[in-house]
$ cat query.cif   # mmCIF, C-alpha atoms
data_work
loop_
_atom_site.label_atom_id
_atom_site.label_comp_id
_atom_site.auth_asym_id
_atom_site.auth_seq_id
_atom_site.Cartn_x
_atom_site.Cartn_y
_atom_site.Cartn_z
CA MET A 1 84.09 -156.96 -122.32
CA LYS A 2 87.29 -156.65 -120.34
CA LEU A 3 88.46 -158.98 -117.58
CA ILE A 4 89.38 -156.76 -114.64
CA HIS A 5 90.06 -159.38 -112.03
CA SER A 6 89.94 -163.12 -111.64
CA GLY A 7 89.35 -163.98 -107.98
CA LYS A 8 89.52 -167.36 -106.34
CA VAL A 9 85.96 -168.29 -107.17
CA ARG A 10 84.52 -165.28 -109.02
CA ASP A 11 85.61 -162.99 -111.85
CA VAL A 12 84.73 -159.39 -112.63
CA TYR A 13 84.51 -157.87 -116.10
CA ALA A 14 83.85 -154.30 -117.25
CA ASP A 15 81.33 -153.68 -120.02
CA GLY A 16 81.25 -149.94 -120.59
CA ASP A 17 80.10 -148.38 -117.34
CA ASP A 18 78.68 -151.68 -116.06
CA LEU A 19 80.39 -154.44 -114.14
CA ILE A 20 79.70 -158.12 -114.82
CA LEU A 21 80.22 -160.42 -111.85
CA VAL A 22 80.72 -164.03 -112.90
CA ALA A 23 80.52 -166.85 -110.38
CA SER A 24 82.60 -169.88 -111.30
CA ASP A 25 82.37 -173.52 -110.21
CA ARG A 26 85.77 -173.25 -108.57
CA VAL A 27 86.08 -174.05 -104.88
CA SER A 28 88.83 -173.07 -102.45
CA VAL A 29 90.02 -174.67 -99.25
CA TYR A 30 92.63 -173.18 -96.91
CA ASP A 31 92.79 -170.26 -99.32
CA VAL A 32 93.86 -172.58 -102.18
CA VAL A 33 91.71 -173.02 -105.29
CA LEU A 34 91.30 -176.73 -106.00
CA PRO A 35 91.65 -178.00 -109.57
CA THR A 36 88.29 -179.82 -109.59
CA PRO A 37 85.17 -177.71 -110.11
CA ILE A 38 81.89 -178.31 -108.30
CA PRO A 39 79.33 -178.50 -111.14
CA ASP A 40 76.63 -175.81 -110.98
CA LYS A 41 78.11 -174.12 -107.91
CA GLY A 42 78.32 -170.77 -109.74
CA LYS A 43 74.72 -171.02 -110.91
CA ILE A 44 73.44 -172.08 -107.51
CA LEU A 45 75.13 -169.21 -105.69
CA THR A 46 74.04 -166.71 -108.33
CA ALA A 47 70.45 -167.94 -108.04
CA LEU A 48 70.66 -167.60 -104.25
CA SER A 49 71.98 -164.04 -104.55
CA LEU A 50 69.13 -163.13 -106.89
CA TRP A 51 66.59 -164.69 -104.56
CA TRP A 52 67.92 -162.66 -101.64
CA PHE A 53 67.96 -159.43 -103.66
CA ASP A 54 64.29 -160.08 -104.38
CA GLN A 55 63.49 -160.79 -100.73
CA LEU A 56 65.25 -157.62 -99.62
CA ALA A 57 64.06 -155.31 -102.40
CA ASP A 58 61.70 -153.41 -100.11
CA LEU A 59 64.51 -152.68 -97.64
CA ALA A 60 67.13 -151.30 -100.00
CA PRO A 61 67.86 -150.83 -103.71
CA ASN A 62 70.67 -153.03 -105.01
CA HIS A 63 73.30 -152.74 -107.71
CA LEU A 64 71.79 -155.40 -109.98
CA ILE A 65 70.95 -154.21 -113.50
CA SER A 66 70.21 -157.56 -115.10
CA ALA A 67 70.80 -161.26 -114.60
CA THR A 68 69.94 -162.03 -118.23
CA ASP A 69 71.72 -159.30 -120.19
CA VAL A 70 75.02 -161.17 -119.93
CA PRO A 71 77.03 -163.22 -122.45
CA GLU A 72 75.48 -166.60 -123.24
CA GLU A 73 78.49 -168.53 -121.98
CA TRP A 74 77.86 -167.15 -118.46
CA ALA A 75 74.08 -167.53 -118.51
CA GLY A 76 72.77 -168.25 -115.04
CA ARG A 77 75.96 -167.41 -113.22
CA ALA A 78 76.61 -163.78 -114.07
CA LEU A 79 75.11 -160.50 -112.91
CA ARG A 80 75.28 -157.17 -114.71
CA CYS A 81 75.73 -154.54 -112.02
CA GLN A 82 75.91 -150.80 -111.60
CA ARG A 83 79.31 -149.34 -110.75
CA LEU A 84 79.22 -147.54 -107.40
CA GLU A 85 81.37 -145.46 -105.09
CA MET A 86 81.84 -147.77 -102.12
CA LEU A 87 81.72 -146.75 -98.48
CA PRO A 88 84.95 -147.71 -96.68
CA VAL A 89 83.25 -149.68 -93.90
CA GLU A 90 82.55 -153.39 -93.48
CA TRP A 91 78.87 -153.47 -92.45
CA ILE A 92 78.67 -156.53 -90.22
CA ALA A 93 75.77 -157.95 -88.23
CA ARG A 94 76.20 -160.84 -85.80
CA GLY A 95 73.53 -162.99 -84.22
CA TYR A 96 75.93 -165.62 -82.88
CA LEU A 97 79.43 -165.48 -81.46
CA ALA A 98 82.12 -166.67 -83.87
CA GLY A 99 85.32 -165.62 -85.60
CA LEU A 100 86.82 -162.26 -84.70
CA GLY A 101 83.68 -161.39 -82.78
CA LEU A 102 84.40 -164.26 -80.41
CA LYS A 103 88.06 -163.25 -80.08
CA GLU A 104 87.14 -159.65 -79.28
CA TYR A 105 84.52 -160.77 -76.74
CA GLU A 106 86.98 -163.09 -75.00
CA LYS A 107 89.48 -160.22 -74.70
CA GLN A 108 87.19 -157.47 -73.44
CA GLY A 109 83.56 -158.56 -73.29
CA THR A 110 82.56 -156.24 -76.12
CA VAL A 111 82.49 -156.27 -79.92
CA SER A 112 82.76 -152.92 -81.72
CA GLY A 113 81.98 -151.25 -78.42
CA VAL A 114 78.80 -153.29 -77.89
CA LYS A 115 78.78 -154.82 -74.40
CA LEU A 116 77.72 -158.47 -74.35
CA PRO A 117 76.57 -160.60 -71.39
CA ASP A 118 79.13 -162.64 -69.43
CA GLY A 119 79.39 -166.39 -69.97
CA LEU A 120 78.98 -166.59 -73.73
CA VAL A 121 80.99 -169.25 -75.59
CA GLU A 122 81.86 -170.05 -79.19
CA GLY A 123 78.65 -170.37 -81.18
CA SER A 124 76.42 -168.79 -78.50
CA LYS A 125 73.30 -167.06 -79.75
CA LEU A 126 73.39 -163.38 -78.81
CA PRO A 127 70.45 -161.82 -76.95
CA HIS A 128 69.77 -159.80 -80.10
CA PRO A 129 71.65 -159.15 -83.36
CA ILE A 130 74.42 -156.57 -82.99
CA PHE A 131 76.09 -154.21 -85.43
CA THR A 132 79.87 -154.70 -85.40
CA PRO A 133 81.47 -152.55 -88.12
CA THR A 134 85.14 -152.75 -89.04
CA THR A 135 87.49 -150.67 -91.09
CA LYS A 136 87.95 -151.70 -94.70
CA ALA A 137 91.71 -152.03 -94.80
CA VAL A 138 93.65 -152.11 -98.04
CA GLU A 139 96.65 -153.50 -96.20
CA GLY A 140 96.72 -155.45 -92.98
CA HIS A 141 93.69 -156.51 -91.00
CA ASP A 142 90.29 -154.90 -90.70
CA GLU A 143 89.82 -153.50 -87.21
CA PHE A 144 86.68 -153.19 -85.13
CA ILE A 145 85.35 -149.66 -84.92
CA THR A 146 82.41 -148.32 -82.95
CA PHE A 147 79.20 -146.91 -84.32
CA ASP A 148 80.45 -143.45 -83.29
CA ASP A 149 83.54 -143.99 -85.47
CA VAL A 150 81.31 -144.82 -88.43
CA ALA A 151 79.16 -141.76 -87.76
CA ALA A 152 82.26 -139.55 -87.67
CA GLN A 153 83.39 -141.06 -90.95
CA ILE A 154 80.27 -140.88 -93.08
CA GLY A 155 77.92 -138.66 -91.10
CA GLY A 156 75.47 -139.55 -88.36
CA GLU A 157 72.38 -139.71 -90.52
CA THR A 158 73.89 -142.08 -93.09
CA ALA A 159 75.50 -144.17 -90.35
CA ASP A 160 72.16 -144.49 -88.53
CA ARG A 161 70.40 -145.52 -91.70
CA LEU A 162 72.98 -148.09 -92.77
CA ARG A 163 73.34 -149.58 -89.29
CA ASP A 164 69.57 -150.09 -89.16
CA LEU A 165 69.58 -151.45 -92.70
CA THR A 166 72.40 -153.89 -91.91
CA LEU A 167 70.53 -155.19 -88.86
CA ASN A 168 67.22 -155.35 -90.74
CA ILE A 169 68.75 -157.30 -93.61
CA TYR A 170 70.44 -159.73 -91.22
CA THR A 171 67.31 -160.13 -89.09
CA ARG A 172 65.05 -160.81 -92.03
CA GLY A 173 67.53 -163.16 -93.67
CA SER A 174 68.35 -165.09 -90.53
CA GLU A 175 64.68 -165.51 -89.62
CA ILE A 176 63.82 -166.86 -93.08
CA ALA A 177 66.79 -169.23 -93.01
CA ARG A 178 66.22 -170.36 -89.40
CA GLU A 179 62.67 -171.47 -90.19
CA ARG A 180 64.22 -173.69 -92.86
CA GLY A 181 66.93 -175.26 -90.77
CA VAL A 182 69.80 -172.90 -91.56
CA ILE A 183 71.48 -170.62 -89.05
CA ILE A 184 73.01 -167.48 -90.54
CA ALA A 185 75.40 -166.73 -87.72
CA ASP A 186 76.63 -163.42 -89.08
CA THR A 187 76.97 -161.52 -92.30
CA LYS A 188 78.96 -158.76 -93.96
CA ILE A 189 77.21 -156.34 -96.27
CA GLU A 190 78.56 -153.81 -98.76
CA PHE A 191 77.00 -150.43 -99.45
CA GLY A 192 77.87 -147.89 -102.08
CA ARG A 193 76.47 -144.73 -103.58
CA ALA A 194 75.05 -144.49 -107.08
CA PRO A 195 75.98 -141.41 -109.14
CA ASP A 196 72.74 -139.74 -107.98
CA GLY A 197 73.78 -140.25 -104.33
CA THR A 198 71.37 -143.09 -103.60
CA LEU A 199 72.64 -145.62 -101.07
CA VAL A 200 72.73 -149.03 -102.74
CA LEU A 201 73.29 -152.60 -101.58
CA ALA A 202 76.30 -153.97 -103.45
CA ASP A 203 78.08 -157.22 -104.28
CA GLU A 204 76.50 -160.40 -102.97
CA VAL A 205 74.25 -160.60 -99.96
CA LEU A 206 73.59 -163.44 -97.50
CA THR A 207 75.66 -165.98 -99.40
CA SER A 208 78.24 -168.32 -97.92
CA ASP A 209 81.02 -166.03 -99.14
CA SER A 210 79.64 -163.16 -97.07
CA SER A 211 78.06 -165.04 -94.16
CA ARG A 212 78.47 -168.05 -91.89
CA PHE A 213 75.84 -170.72 -92.60
CA TRP A 214 75.46 -173.46 -89.97
CA PRO A 215 73.07 -176.41 -90.00
CA ALA A 216 70.54 -175.73 -87.23
CA ASP A 217 70.23 -179.40 -86.31
CA ASP A 218 73.98 -179.59 -85.64
CA TRP A 219 74.33 -176.31 -83.73
CA GLN A 220 76.02 -176.77 -80.37
CA PRO A 221 77.54 -173.81 -78.51
CA GLY A 222 80.94 -174.38 -76.96
CA ARG A 223 82.68 -175.83 -80.00
CA PRO A 224 83.46 -174.77 -83.58
CA GLN A 225 80.38 -175.06 -85.80
CA HIS A 226 80.31 -176.77 -89.19
CA ALA A 227 79.95 -174.71 -92.35
CA MET A 228 76.97 -175.95 -94.33
CA ASP A 229 78.27 -176.03 -97.86
CA LYS A 230 82.04 -176.50 -98.06
CA GLN A 231 82.28 -178.82 -95.06
CA PHE A 232 82.58 -182.00 -97.15
CA VAL A 233 85.55 -180.57 -99.01
CA ARG A 234 87.09 -179.22 -95.81
CA ASP A 235 86.68 -182.52 -93.96
CA TRP A 236 88.07 -184.48 -96.88
CA SER A 237 91.05 -182.16 -97.38
CA SER A 238 91.86 -182.28 -93.67
CA THR A 239 92.47 -186.03 -94.05
CA LEU A 240 95.15 -185.44 -96.70
CA THR A 241 98.22 -185.56 -94.48
CA TRP A 242 100.53 -185.33 -97.51
CA TRP A 243 99.08 -182.00 -98.68
CA ASP A 244 100.78 -178.98 -97.10
CA ARG A 245 97.80 -176.73 -97.90
CA THR A 246 99.71 -174.72 -100.48
CA PRO A 247 99.08 -174.63 -104.25
CA PRO A 248 98.60 -176.72 -106.24
CA GLY A 249 95.64 -178.24 -104.43
CA PRO A 250 94.65 -181.86 -104.83
CA GLU A 251 92.00 -183.17 -107.25
CA ILE A 252 88.71 -183.75 -105.46
CA PRO A 253 87.33 -187.33 -105.68
CA VAL A 254 84.05 -187.75 -107.54
CA GLU A 255 82.07 -188.71 -104.43
CA ILE A 256 83.23 -185.58 -102.59
CA VAL A 257 82.36 -183.43 -105.60
CA GLU A 258 78.86 -184.92 -105.68
CA ALA A 259 78.35 -184.59 -101.92
CA THR A 260 79.52 -180.98 -102.01
CA ARG A 261 77.25 -180.15 -104.95
CA ASP A 262 74.36 -181.75 -103.04
CA ARG A 263 75.15 -179.51 -100.07
CA TYR A 264 75.08 -176.35 -102.17
CA ILE A 265 71.75 -177.45 -103.63
CA ASP A 266 70.46 -178.33 -100.16
CA VAL A 267 71.31 -174.85 -98.84
CA TYR A 268 69.66 -173.24 -101.88
CA GLU A 269 66.52 -175.36 -101.63
CA ARG A 270 66.21 -175.00 -97.88
CA ILE A 271 66.57 -171.24 -97.89
CA THR A 272 64.52 -170.46 -100.97
CA GLY A 273 61.95 -173.24 -100.62
CA GLU A 274 62.41 -173.83 -104.35
CA THR A 275 63.59 -176.96 -106.12
CA TRP A 276 66.91 -176.71 -107.91
CA ARG A 277 66.34 -177.37 -111.60
CA MET B 1 77.37 -130.93 -100.23
CA TYR B 2 78.41 -134.52 -101.08
CA GLN B 3 82.04 -134.45 -102.25
CA PRO B 4 83.42 -137.97 -102.63
CA TYR B 5 87.09 -138.77 -103.12
CA ASP B 6 88.82 -142.12 -103.49
CA ARG B 7 90.76 -142.95 -100.33
CA SER B 8 93.36 -145.11 -102.08
CA ARG B 9 94.04 -142.45 -104.70
CA PHE B 10 94.41 -139.84 -101.97
CA LEU B 11 96.96 -142.00 -100.12
CA GLU B 12 98.99 -142.53 -103.30
CA GLN B 13 98.96 -138.81 -104.01
CA VAL B 14 100.13 -137.98 -100.49
CA GLU B 15 102.94 -140.51 -100.83
CA ALA B 16 103.96 -138.97 -104.15
CA LEU B 17 103.91 -135.52 -102.58
CA LEU B 18 106.23 -136.70 -99.80
CA ARG B 19 108.58 -138.38 -102.27
CA ASP B 20 108.69 -135.17 -104.30
CA ALA B 21 109.78 -133.44 -101.11
CA GLY B 22 112.72 -135.85 -100.87
CA LEU B 23 111.23 -138.08 -98.19
CA SER B 24 110.82 -141.88 -98.14
CA PRO B 25 107.29 -142.51 -96.88
CA GLU B 26 106.53 -146.01 -95.55
CA ARG B 27 103.05 -147.07 -94.59
CA GLN B 28 102.80 -148.03 -90.92
CA SER B 29 100.39 -150.49 -89.37
CA SER B 30 99.64 -148.04 -86.58
CA PRO B 31 98.41 -145.41 -87.05
CA SER B 32 96.58 -146.86 -90.01
CA PRO B 33 97.23 -144.83 -93.21
CA SER B 34 93.70 -145.65 -94.38
CA ALA B 35 92.11 -144.34 -91.20
CA ALA B 36 94.35 -141.27 -91.24
CA ALA B 37 93.47 -140.56 -94.88
CA GLU B 38 89.77 -140.83 -94.10
CA GLN B 39 90.12 -138.45 -91.17
CA LEU B 40 92.01 -135.87 -93.24
CA LEU B 41 89.48 -136.05 -96.07
CA ARG B 42 86.66 -135.57 -93.60
CA ALA B 43 88.50 -132.62 -92.11
CA PHE B 44 88.20 -130.97 -95.52
CA GLY B 45 84.52 -131.79 -95.80
CA VAL B 46 85.23 -134.55 -98.29
CA THR B 47 83.67 -138.02 -98.05
CA PRO B 48 86.16 -140.90 -98.40
CA VAL B 49 85.00 -143.61 -100.81
CA LEU B 50 86.54 -146.68 -102.42
CA ASP B 51 86.59 -147.82 -106.01
CA HIS B 52 83.97 -150.51 -106.61
CA VAL B 53 86.36 -152.79 -108.45
CA SER B 54 88.99 -152.65 -105.70
CA VAL B 55 86.34 -153.68 -103.17
CA LEU B 56 85.17 -156.53 -105.40
CA LYS B 57 88.75 -157.69 -105.88
CA ALA B 58 89.28 -157.85 -102.13
CA ASN B 59 86.01 -159.70 -101.60
CA MET B 60 86.75 -162.16 -104.37
CA ASP B 61 90.25 -162.89 -103.14
CA THR B 62 89.21 -163.36 -99.53
CA PRO B 63 85.57 -164.18 -98.76
CA TRP B 64 84.54 -162.47 -95.53
CA PRO B 65 84.20 -165.63 -93.36
CA ASP B 66 87.86 -166.42 -94.20
CA LYS B 67 88.90 -162.93 -93.09
CA ASP B 68 86.87 -162.95 -89.88
CA VAL B 69 88.94 -165.60 -88.11
#
$ encode --input "query.cif" --output "structure tokens"
Amino acid sequence: MKLIHSGKVRDVYADGDDLILVASDRVSVYDVVLPTPIPDKGKILTALSLWWFDQLADLAPNHLISATDVPEEWAGRALRCQRLEMLPVEWIARGYLAGLGLKEYEKQGTVSGVKLPDGLVEGSKLPHPIFTPTTKAVEGHDEFITFDDVAAQIGGETADRLRDLTLNIYTRGSEIARERGVIIADTKIEFGRAPDGTLVLADEVLTSDSSRFWPADDWQPGRPQHAMDKQFVRDWSSTLTWWDRTPPGPEIPVEIVEATRDRYIDVYERITGETWR
Amino acid sequence: MYQPYDRSRFLEQVEALLRDAGLSPERQSSPSPSAAAEQLLRAFGVTPVLDHVSVLKANMDTPWPDKDV
């Protein structure tokens, strides 16, 4: 088992041809990893990923090989995955206006070439989910591209299929979550090809690291929305006037750790309808 | 026929080729070297792809909601 990369909150190992993705309990704010872990965060997010893979299994195959054939020390928070050749596109679906989608709309009334109605504001629900692909830049920023750009890049048939798949995954996920009090405002999906050419859903799907989760009962267009899980940590850290938001980050007080853990569990339980063990 | 080739590797090889020719290539923000590499690969009937680990690294270092701001 070889450590290939240690990210802010997840690590990736190689085990022969397989990859092992390990979710940690680390949490980051303002791009800085804080020294205090959130107990069970890695297990909760891994369980949520697995639940989504199961819910979406009829739409697309995924890169998961096993959630149990992993070293004991990572039990419950690691996934053994197939290594893929990744498509160089960020497959993004948006149901609400936020982030770069909002900025692009305010500049020109479109996102990735998709014309949107006048009068939308931050957090507005869109008339229907839209596909807003971007480049996958190695350096610099990802840039919006149109569906035609994607088709030119990977072929019209594959582009058609993956656009529809992106929108279907978002639509199913957001409908399930909305019934349970969670708005999934938007999401980014990864696709790759297996050695036999099959198109496969990769990395995590519909988690808070790949999507915006908002509490439905707090949703109010016209202002920034609150993230469901990390908001306690964000709100607390924003009160720390002495911290310049560079490493090292501050220790998180026990009550904030507990409240944040409760939020992660709340999101998991709301979305899955299952009780966290 | 599906002929994949790693975009990042292709860019590095083109840079090496230019250096071998005595030039000093510098990646520009516009036009994007990544987009240009993809276009050239496609022009040869080759499908640009990315290494799985490099994509995971990017995702792990910057979760998408933090990038989309």
$ residues_around --input "query.cif" --residues "range 55-63 of chain B" --least-positions-apart "5" --cutoff "6 Å" --atoms "all atoms listed in the file" --output "list in words"
Gly7, Lys8 and Asp209 of chain A
$ atom_distance --input "query.cif" --atom1 "CA of Glu73 in chain A" --atom2 "CA of Ser24 in chain A"
11.5 Å
$ interface_residues --input "query.cif" --of "chain A" --to "chain B" --cutoff "6 Å" --atoms "only C-alpha atoms" --output "PyMOL selection string"
chain A and resi 7-8+84-88+99-100+209-210
$ residues_around --input "query.cif" --residues "Gly76 in chain A" --least-positions-apart "4" --cutoff "12 Å" --atoms "all atoms listed in the file" --output "list in words"
Leu21, Val22, Ala23, Ser24, Asp25, Asp40, Lys41, Gly42, Lys43, Ile44, Leu45, Thr46, Ala47, Leu48, Ser49, Leu50, Ser66, Ala67, Thr68, Asp69, Val70, Pro71, Glu72, Arg80 and Arg277 of chain A
$ axis_aligned_box --input "query.cif" --around "range 103-119 of chain A" --padding-each-side "5 Å" --output "lines of an AutoDock Vina configuration file"
center_x = 83.0
center_y = -158.8
center_z = -75.6
size_x = 22.9
size_y = 25.1
size_z = 22.3
$ atom_distance --input "query.cif" --atom1 "CA of Leu165 in chain A" --atom2 "CA of Glu190 in chain A"
11.1 Å
$ resolve_selection --input "query.cif" --expression "the PyMOL selection byres ((chain A and resi 133) around 8)" --output "ChimeraX atom specification"
/A:89-93,112,131-132,134-135,144-147,150
$ write_last_selection --input "query.cif" --atoms "C-alpha atoms" --output "compact mmCIF listing (two decimals), in the coordinates of the input"
# COMPACT_ATOMS: atom_id res chain seq x y z
CA VAL A 89 83.25 -149.68 -93.90
CA GLU A 90 82.55 -153.39 -93.48
CA TRP A 91 78.87 -153.47 -92.45
CA ILE A 92 78.67 -156.53 -90.22
CA ALA A 93 75.77 -157.95 -88.23
CA SER A 112 82.76 -152.92 -81.72
CA PHE A 131 76.09 -154.21 -85.43
CA THR A 132 79.87 -154.70 -85.40
CA THR A 134 85.14 -152.75 -89.04
CA THR A 135 87.49 -150.67 -91.09
CA PHE A 144 86.68 -153.19 -85.13
CA ILE A 145 85.35 -149.66 -84.92
CA THR A 146 82.41 -148.32 -82.95
CA PHE A 147 79.20 -146.91 -84.32
CA VAL A 150 81.31 -144.82 -88.43
$ atom_distance --input "query.cif" --atom1 "CA of Asp266 in chain A" --atom2 "CA of Ala60 in chain A"
27.2 Å
$ residues_near_point --input "query.cif" --point "(88.9, -179.5, -113.3)" --cutoff "12 Å" --atoms "only C-alpha atoms" --output "list of chain:residue names"
A:Ser24, A:Asp25, A:Arg26, A:Val27, A:Val33, A:Leu34, A:Pro35, A:Thr36, A:Pro37, A:Ile38, A:Pro39, A:Gly249, A:Pro250, A:Glu251, A:Ile252, A:Pro253, A:Val254, A:Val257
$ write_last_selection --input "query.cif" --atoms "C-alpha atoms" --output "JSON list (two decimals), in the frame of the given file"
[["chain", "number", "residue", "atom", "x", "y", "z"],
["A", 24, "SER", "CA", 82.60, -169.88, -111.30],
["A", 25, "ASP", "CA", 82.37, -173.52, -110.21],
["A", 26, "ARG", "CA", 85.77, -173.25, -108.57],
["A", 27, "VAL", "CA", 86.08, -174.05, -104.88],
["A", 33, "VAL", "CA", 91.71, -173.02, -105.29],
["A", 34, "LEU", "CA", 91.30, -176.73, -106.00],
["A", 35, "PRO", "CA", 91.65, -178.00, -109.57],
["A", 36, "THR", "CA", 88.29, -179.82, -109.59],
["A", 37, "PRO", "CA", 85.17, -177.71, -110.11],
["A", 38, "ILE", "CA", 81.89, -178.31, -108.30],
["A", 39, "PRO", "CA", 79.33, -178.50, -111.14],
["A", 249, "GLY", "CA", 95.64, -178.24, -104.43],
["A", 250, "PRO", "CA", 94.65, -181.86, -104.83],
["A", 251, "GLU", "CA", 92.00, -183.17, -107.25],
["A", 252, "ILE", "CA", 88.71, -183.75, -105.46],
["A", 253, "PRO", "CA", 87.33, -187.33, -105.68],
["A", 254, "VAL", "CA", 84.05, -187.75, -107.54],
["A", 257, "VAL", "CA", 82.36, -183.43, -105.60]]
